Amino acid sequence: MAREAKPLSAIQSRFPAFHPADAPTGAPAGRAGASFKPQHFDAIAENPASVGFVEVHAENYMGAGGPPHAALTAIRNMLPVSLHGVCMSIGGLDPLDPEHLQRFAGLVERYEPFKVSEHLAWSTHDDVFFNDLLPLPYTDETLARVCEHIDQVQEAIGRPMFLENPSTYVLFSESEWRETDFLREIVKRTGCGLLLDINNVFVSATNHGFSATEYLADFPLAHVGEIHLAGHDEQEDDEGAPLLIDSHDRPVADPVWSLYETVIAACGPIDTLIEWDADIPDWPILQSEAAAAERILDRHRTLKPEVKRHALHS
């Protein structure tokens with residue numbers, strides 16, 4: 001059981017806990033989007049209305065100019081853009097890299113994305129950068145450090161950020177908090193919003209043998225401002241048990257679609273991104289995945305909020 005929480009961070013008064021209704025004016029209202037890849041530029045430009053928004057990884061645009069920025073500027077003039085960081089190392093032991101944070105904040109100022117997000121993970125240690133998003137123990141010490149880092153990011157960008165739940169392959173015996181409670185406390189202390197990656201939930205639930213549905217029933221859904229969906233690779237561990245890898249290289253799996261519809265039925269439409277970062281298909285395939293999410297969103301646009309909230313817990 002978690003010990004008593006530390007006092008709220010001082011910055012929270014600037015960023016009261018995010019609720020989806022607080023989304024900025026002009027942002028898509030519960031639309032489906034897709035990862036932006038440069039090879040899809042022409043197809044998107046030919047029909048921007050084929051997708052609700054696009055999301056880009058911040059680290060691909062940390063340079064000052066060149067073709068990447070030319071393409072992103074053009075896309076930004078066609079569609080809303082969400083900015084997703086993958087290397088901030090929010091959960092790392094080391095302080096945040098000030099140069100990286102400055103470049104990240106510069107991108108937010110330059111492109112004015114309607115959502116800015118990062119991961120509950122770490123990827124740097126002693127000036128070594130790992131090409132992965134690594135898990136962390138859910139302890140009071142980790143909680144304080146994560147909240148401090150989120151405060152720094154939000155101060156730098158002048159707005160709430162969204163924190164994504166991880167996919168995990170190991171658990172820590174020293175963890176004192178359940179993941180859902182840990183995320184709930186982060187929101188309380190920092191005022192950040194949450195990015196719910198449903199594929200990550202399914203991957204972690206399968207790998208560790210818990211119920212994805214029960215996890216989602218305990219998730220602080222009121223603070224979710226964006227959802228991610230992606231494909232995963234099915235493998236086996238050394239003992240022949242199922243082992244899922246969050247690979248982002250194939251279509252969304254049927255069980256993940258089922259969990260997604262359960263969440264949308266409970267909460268109503270939430271901006272949803274289809275992530276696809278390896279073995280990139282032609283645009284029609286990626287767009288068709290976004291269209292499938294859009295159909296689910298459309299089916300649940302008219303339900304009353306009290307009906308939606310009851311659905312996940314019934």
# chains A, B, ... in the order shown; residues from 1 in each chain; ligands from 1
call {"tool": "select_by_dssp", "arguments": {"residues": "segment 42-269 of chain A", "states": "strand (DSSP E)", "output": "ChimeraX atom specification"}}
result
/A:54-57,81-84,115-119,122-125,128-134,162-164,193-197,224-229,233-236,242-245
call {"tool": "write_last_selection", "arguments": {"atoms": "N, CA and C atoms", "output": "compact mmCIF listing (two decimals), in the first residue's frame"}}
result
# COMPACT_ATOMS: atom_id res chain seq x y z
N VAL A 54 -2.59 14.77 -37.06
CA VAL A 54 -1.39 13.96 -37.14
C VAL A 54 -0.54 14.21 -35.90
N GLU A 55 0.27 13.23 -35.57
CA GLU A 55 1.19 13.36 -34.44
C GLU A 55 2.60 13.12 -34.91
N VAL A 56 3.53 13.90 -34.38
CA VAL A 56 4.94 13.76 -34.74
C VAL A 56 5.76 13.55 -33.48
N HIS A 57 6.88 12.85 -33.63
CA HIS A 57 7.83 12.69 -32.54
C HIS A 57 8.72 13.93 -32.50
N VAL A 81 -1.81 19.39 -35.18
CA VAL A 81 -0.64 18.56 -34.92
C VAL A 81 -0.50 18.33 -33.43
N SER A 82 -0.23 17.09 -33.05
CA SER A 82 0.10 16.73 -31.68
C SER A 82 1.58 16.40 -31.61
N LEU A 83 2.24 16.89 -30.56
CA LEU A 83 3.69 16.71 -30.41
C LEU A 83 3.95 15.68 -29.32
N HIS A 84 4.66 14.61 -29.68
CA HIS A 84 4.89 13.48 -28.77
C HIS A 84 6.39 13.31 -28.56
N LYS A 115 -1.82 19.18 -28.61
CA LYS A 115 -1.48 18.30 -27.50
C LYS A 115 0.04 18.14 -27.46
N VAL A 116 0.57 18.05 -26.24
CA VAL A 116 2.00 17.80 -26.03
C VAL A 116 2.10 16.66 -25.02
N SER A 117 2.86 15.63 -25.34
CA SER A 117 2.88 14.45 -24.48
C SER A 117 4.28 13.86 -24.35
N GLU A 118 4.46 13.08 -23.31
CA GLU A 118 5.69 12.33 -23.04
C GLU A 118 5.33 11.05 -22.30
N HIS A 119 6.36 10.25 -21.98
CA HIS A 119 6.15 8.92 -21.42
C HIS A 119 6.54 8.83 -19.95
N TRP A 122 12.03 6.03 -18.46
CA TRP A 122 13.34 6.67 -18.48
C TRP A 122 14.15 6.08 -19.63
N SER A 123 15.10 6.86 -20.15
CA SER A 123 15.89 6.40 -21.30
C SER A 123 17.31 6.93 -21.28
N THR A 124 17.70 7.62 -20.21
CA THR A 124 19.08 8.12 -20.10
C THR A 124 19.62 7.82 -18.71
N HIS A 125 20.96 7.63 -18.64
CA HIS A 125 21.62 7.45 -17.35
C HIS A 125 23.11 7.72 -17.53
N VAL A 128 24.37 8.40 -20.93
CA VAL A 128 24.15 7.34 -21.91
C VAL A 128 22.68 7.35 -22.31
N PHE A 129 22.41 7.34 -23.61
CA PHE A 129 21.05 7.36 -24.12
C PHE A 129 20.70 5.96 -24.62
N PHE A 130 19.60 5.42 -24.12
CA PHE A 130 19.14 4.09 -24.52
C PHE A 130 18.00 4.24 -25.52
N ASN A 131 18.02 3.38 -26.54
CA ASN A 131 17.00 3.44 -27.58
C ASN A 131 15.77 2.64 -27.14
N ASP A 132 15.24 3.00 -25.97
CA ASP A 132 14.07 2.30 -25.45
C ASP A 132 13.43 3.16 -24.37
N LEU A 133 12.18 2.84 -24.05
CA LEU A 133 11.46 3.49 -22.97
C LEU A 133 11.38 2.49 -21.82
N LEU A 134 12.19 2.71 -20.79
CA LEU A 134 12.39 1.72 -19.74
C LEU A 134 11.49 1.98 -18.55
N PHE A 162 0.73 15.84 -21.36
CA PHE A 162 0.03 14.57 -21.17
C PHE A 162 1.06 13.48 -20.95
N LEU A 163 0.83 12.65 -19.95
CA LEU A 163 1.77 11.59 -19.59
C LEU A 163 1.19 10.24 -20.00
N GLU A 164 1.99 9.46 -20.74
CA GLU A 164 1.53 8.17 -21.27
C GLU A 164 1.91 7.03 -20.35
N GLY A 193 -2.26 16.16 -17.79
CA GLY A 193 -3.26 15.24 -18.27
C GLY A 193 -2.64 13.88 -18.52
N LEU A 194 -3.48 12.93 -18.93
CA LEU A 194 -2.99 11.57 -19.19
C LEU A 194 -3.25 11.18 -20.64
N LEU A 195 -2.29 10.47 -21.20
CA LEU A 195 -2.42 9.85 -22.51
C LEU A 195 -2.56 8.35 -22.24
N LEU A 196 -3.72 7.82 -22.56
CA LEU A 196 -3.99 6.40 -22.31
C LEU A 196 -3.63 5.59 -23.55
N ASP A 197 -2.55 4.82 -23.45
CA ASP A 197 -2.18 3.92 -24.54
C ASP A 197 -2.79 2.56 -24.24
N VAL A 224 -8.01 11.80 -18.99
CA VAL A 224 -7.44 11.35 -20.26
C VAL A 224 -7.83 12.33 -21.37
N GLY A 225 -6.83 12.88 -22.04
CA GLY A 225 -7.08 13.80 -23.13
C GLY A 225 -6.70 13.25 -24.49
N GLU A 226 -6.04 12.10 -24.51
CA GLU A 226 -5.66 11.47 -25.79
C GLU A 226 -5.51 9.98 -25.55
N ILE A 227 -5.79 9.20 -26.60
CA ILE A 227 -5.63 7.75 -26.58
C ILE A 227 -4.69 7.35 -27.70
N HIS A 228 -3.84 6.38 -27.44
CA HIS A 228 -3.00 5.78 -28.48
C HIS A 228 -3.42 4.33 -28.70
N LEU A 229 -3.42 3.95 -29.97
CA LEU A 229 -3.63 2.56 -30.38
C LEU A 229 -2.48 2.16 -31.29
N ASP A 233 3.77 -7.23 -31.27
CA ASP A 233 4.32 -8.50 -31.73
C ASP A 233 4.07 -9.57 -30.67
N GLU A 234 3.62 -10.74 -31.09
CA GLU A 234 3.35 -11.85 -30.18
C GLU A 234 4.53 -12.82 -30.18
N GLN A 235 5.16 -12.97 -29.03
CA GLN A 235 6.29 -13.88 -28.87
C GLN A 235 6.03 -14.78 -27.66
N GLU A 236 7.05 -15.56 -27.27
CA GLU A 236 6.98 -16.39 -26.07
C GLU A 236 8.24 -16.15 -25.25
N PRO A 242 3.07 -16.50 -23.12
CA PRO A 242 2.94 -15.37 -24.07
C PRO A 242 3.76 -14.17 -23.62
N LEU A 243 4.42 -13.54 -24.56
CA LEU A 243 5.18 -12.31 -24.31
C LEU A 243 4.88 -11.36 -25.46
N LEU A 244 4.25 -10.25 -25.14
CA LEU A 244 3.90 -9.26 -26.16
C LEU A 244 4.91 -8.13 -26.15
N ILE A 245 5.27 -7.66 -27.34
CA ILE A 245 6.21 -6.55 -27.51
C ILE A 245 5.47 -5.40 -28.19
call {"tool": "atom_distance", "arguments": {"atom1": "atom CA of Ser288 of chain A", "atom2": "atom CA of Tyr260 of chain A"}}
result
16.2 Å
call {"tool": "closest_atom_pairs", "arguments": {"of": "segment 102-209 of chain A", "to": "segment 58-72 of chain A", "cutoff": "8 Å", "atoms": "only C-alpha atoms", "output": "Markdown table"}}
result
| residue | atom | partner | partner_atom | distance |
| --- | --- | --- | --- | --- |
| A:Arg103 | CA | A:Met62 | CA | 6.2 |
| A:Phe104 | CA | A:Ala58 | CA | 6.7 |
| A:Leu107 | CA | A:Ala58 | CA | 7.4 |
call {"tool": "select_by_dssp", "arguments": {"residues": "segment 77-228 of chain A", "states": "alpha helix (DSSP H)", "output": "ChimeraX atom specification"}}
result
/A:98-111,140-157,179-190,198-208,212-218
call {"tool": "atom_distance", "arguments": {"atom1": "atom CA of Ile157 of chain A", "atom2": "atom CA of Asn199 of chain A"}}
result
27.8 Å
call {"tool": "decode", "arguments": {"residues": "segment 269-301 of chain A", "atoms": "N, CA, C and O atoms", "output": "short mmCIF file (atom, residue, chain, number, x, y, z; two decimals), in the first residue's frame"}}
result
data_model
loop_
_atom_site.label_atom_id
_atom_site.label_comp_id
_atom_site.auth_asym_id
_atom_site.auth_seq_id
_atom_site.Cartn_x
_atom_site.Cartn_y
_atom_site.Cartn_z
N PRO A 269 -16.20 10.32 -26.97
CA PRO A 269 -15.08 10.49 -27.89
C PRO A 269 -13.88 11.20 -27.26
O PRO A 269 -14.03 12.23 -26.61
N ILE A 270 -12.72 10.63 -27.45
CA ILE A 270 -11.44 11.19 -27.02
C ILE A 270 -10.49 11.12 -28.21
O ILE A 270 -10.44 10.10 -28.90
N ASP A 271 -9.76 12.19 -28.46
CA ASP A 271 -8.80 12.20 -29.57
C ASP A 271 -7.95 10.94 -29.53
O ASP A 271 -7.35 10.63 -28.50
N THR A 272 -7.89 10.24 -30.66
CA THR A 272 -7.27 8.91 -30.71
C THR A 272 -6.26 8.85 -31.84
O THR A 272 -6.58 9.17 -32.98
N LEU A 273 -5.06 8.40 -31.51
CA LEU A 273 -3.99 8.31 -32.51
C LEU A 273 -3.68 6.86 -32.82
O LEU A 273 -3.53 6.03 -31.92
N ILE A 274 -3.53 6.55 -34.10
CA ILE A 274 -2.98 5.28 -34.56
C ILE A 274 -1.48 5.45 -34.70
O ILE A 274 -1.00 6.24 -35.52
N GLU A 275 -0.71 4.73 -33.89
CA GLU A 275 0.75 4.79 -33.96
C GLU A 275 1.27 3.68 -34.87
O GLU A 275 0.86 2.51 -34.74
N TRP A 276 2.18 4.03 -35.75
CA TRP A 276 2.81 3.03 -36.63
C TRP A 276 4.21 3.55 -36.95
O TRP A 276 4.38 4.46 -37.74
N ASP A 277 5.23 2.98 -36.31
CA ASP A 277 6.57 3.55 -36.36
C ASP A 277 7.63 2.67 -36.99
O ASP A 277 8.79 3.08 -37.12
N ALA A 278 7.29 1.45 -37.39
CA ALA A 278 8.24 0.55 -38.06
C ALA A 278 7.48 -0.23 -39.13
O ALA A 278 6.27 -0.41 -39.03
N ASP A 279 8.23 -0.68 -40.16
CA ASP A 279 7.58 -1.34 -41.31
C ASP A 279 6.39 -0.51 -41.78
O ASP A 279 5.25 -1.00 -41.89
N ILE A 280 6.66 0.76 -42.07
CA ILE A 280 5.60 1.73 -42.37
C ILE A 280 4.85 1.31 -43.64
O ILE A 280 5.46 1.10 -44.69
N PRO A 281 3.53 1.19 -43.59
CA PRO A 281 2.76 0.82 -44.77
C PRO A 281 2.45 2.04 -45.63
O PRO A 281 2.75 3.18 -45.25
N ASP A 282 1.83 1.82 -46.77
CA ASP A 282 1.32 2.92 -47.57
C ASP A 282 0.22 3.65 -46.79
O ASP A 282 -0.44 3.06 -45.92
N TRP A 283 0.03 4.92 -47.13
CA TRP A 283 -0.92 5.75 -46.40
C TRP A 283 -2.33 5.15 -46.33
O TRP A 283 -2.96 5.22 -45.27
N PRO A 284 -2.88 4.55 -47.38
CA PRO A 284 -4.25 4.02 -47.27
C PRO A 284 -4.42 3.01 -46.14
O PRO A 284 -5.50 2.94 -45.53
N ILE A 285 -3.39 2.23 -45.83
CA ILE A 285 -3.50 1.26 -44.74
C ILE A 285 -3.55 1.97 -43.40
O ILE A 285 -4.39 1.66 -42.53
N LEU A 286 -2.66 2.94 -43.20
CA LEU A 286 -2.65 3.69 -41.94
C LEU A 286 -3.94 4.49 -41.80
O LEU A 286 -4.55 4.54 -40.72
N GLN A 287 -4.39 5.09 -42.90
CA GLN A 287 -5.62 5.88 -42.85
C GLN A 287 -6.83 5.00 -42.56
O GLN A 287 -7.75 5.43 -41.86
N SER A 288 -6.82 3.77 -43.05
CA SER A 288 -7.95 2.87 -42.79
C SER A 288 -8.02 2.51 -41.31
O SER A 288 -9.12 2.32 -40.76
N GLU A 289 -6.87 2.40 -40.63
CA GLU A 289 -6.88 2.16 -39.19
C GLU A 289 -7.48 3.36 -38.45
O GLU A 289 -8.27 3.20 -37.52
N ALA A 290 -7.10 4.57 -38.88
CA ALA A 290 -7.68 5.77 -38.27
C ALA A 290 -9.18 5.83 -38.55
O ALA A 290 -9.97 6.23 -37.67
N ALA A 291 -9.60 5.43 -39.74
CA ALA A 291 -11.02 5.43 -40.07
C ALA A 291 -11.79 4.45 -39.20
O ALA A 291 -12.94 4.71 -38.80
N ALA A 292 -11.18 3.31 -38.87
CA ALA A 292 -11.83 2.35 -37.98
C ALA A 292 -12.04 2.95 -36.59
O ALA A 292 -13.09 2.75 -35.97
N ALA A 293 -11.04 3.68 -36.09
CA ALA A 293 -11.20 4.36 -34.81
C ALA A 293 -12.27 5.44 -34.90
O ALA A 293 -13.08 5.61 -33.97
N GLU A 294 -12.30 6.14 -36.02
CA GLU A 294 -13.30 7.20 -36.21
C GLU A 294 -14.72 6.63 -36.17
O GLU A 294 -15.64 7.25 -35.62
N ARG A 295 -14.91 5.46 -36.74
CA ARG A 295 -16.25 4.85 -36.72
C ARG A 295 -16.68 4.53 -35.29
O ARG A 295 -17.87 4.69 -34.92
N ILE A 296 -15.75 4.06 -34.47
CA ILE A 296 -16.08 3.80 -33.07
C ILE A 296 -16.40 5.10 -32.35
O ILE A 296 -17.38 5.18 -31.58
N LEU A 297 -15.61 6.13 -32.59
CA LEU A 297 -15.89 7.44 -31.99
C LEU A 297 -17.28 7.94 -32.39
O LEU A 297 -18.04 8.44 -31.55
N ASP A 298 -17.61 7.78 -33.66
CA ASP A 298 -18.91 8.26 -34.15
C ASP A 298 -20.07 7.53 -33.48
O ASP A 298 -21.12 8.12 -33.24
N ARG A 299 -19.88 6.25 -33.20
CA ARG A 299 -20.97 5.47 -32.60
C ARG A 299 -21.31 5.95 -31.19
O ARG A 299 -22.41 5.66 -30.68
N HIS A 300 -20.39 6.66 -30.57
CA HIS A 300 -20.59 7.01 -29.16
C HIS A 300 -20.64 8.52 -28.92
O HIS A 300 -20.43 8.97 -27.79
N ARG A 301 -20.95 9.28 -29.96
CA ARG A 301 -20.98 10.74 -29.80
C ARG A 301 -22.25 11.23 -29.12
O ARG A 301 -22.28 12.35 -28.61
#
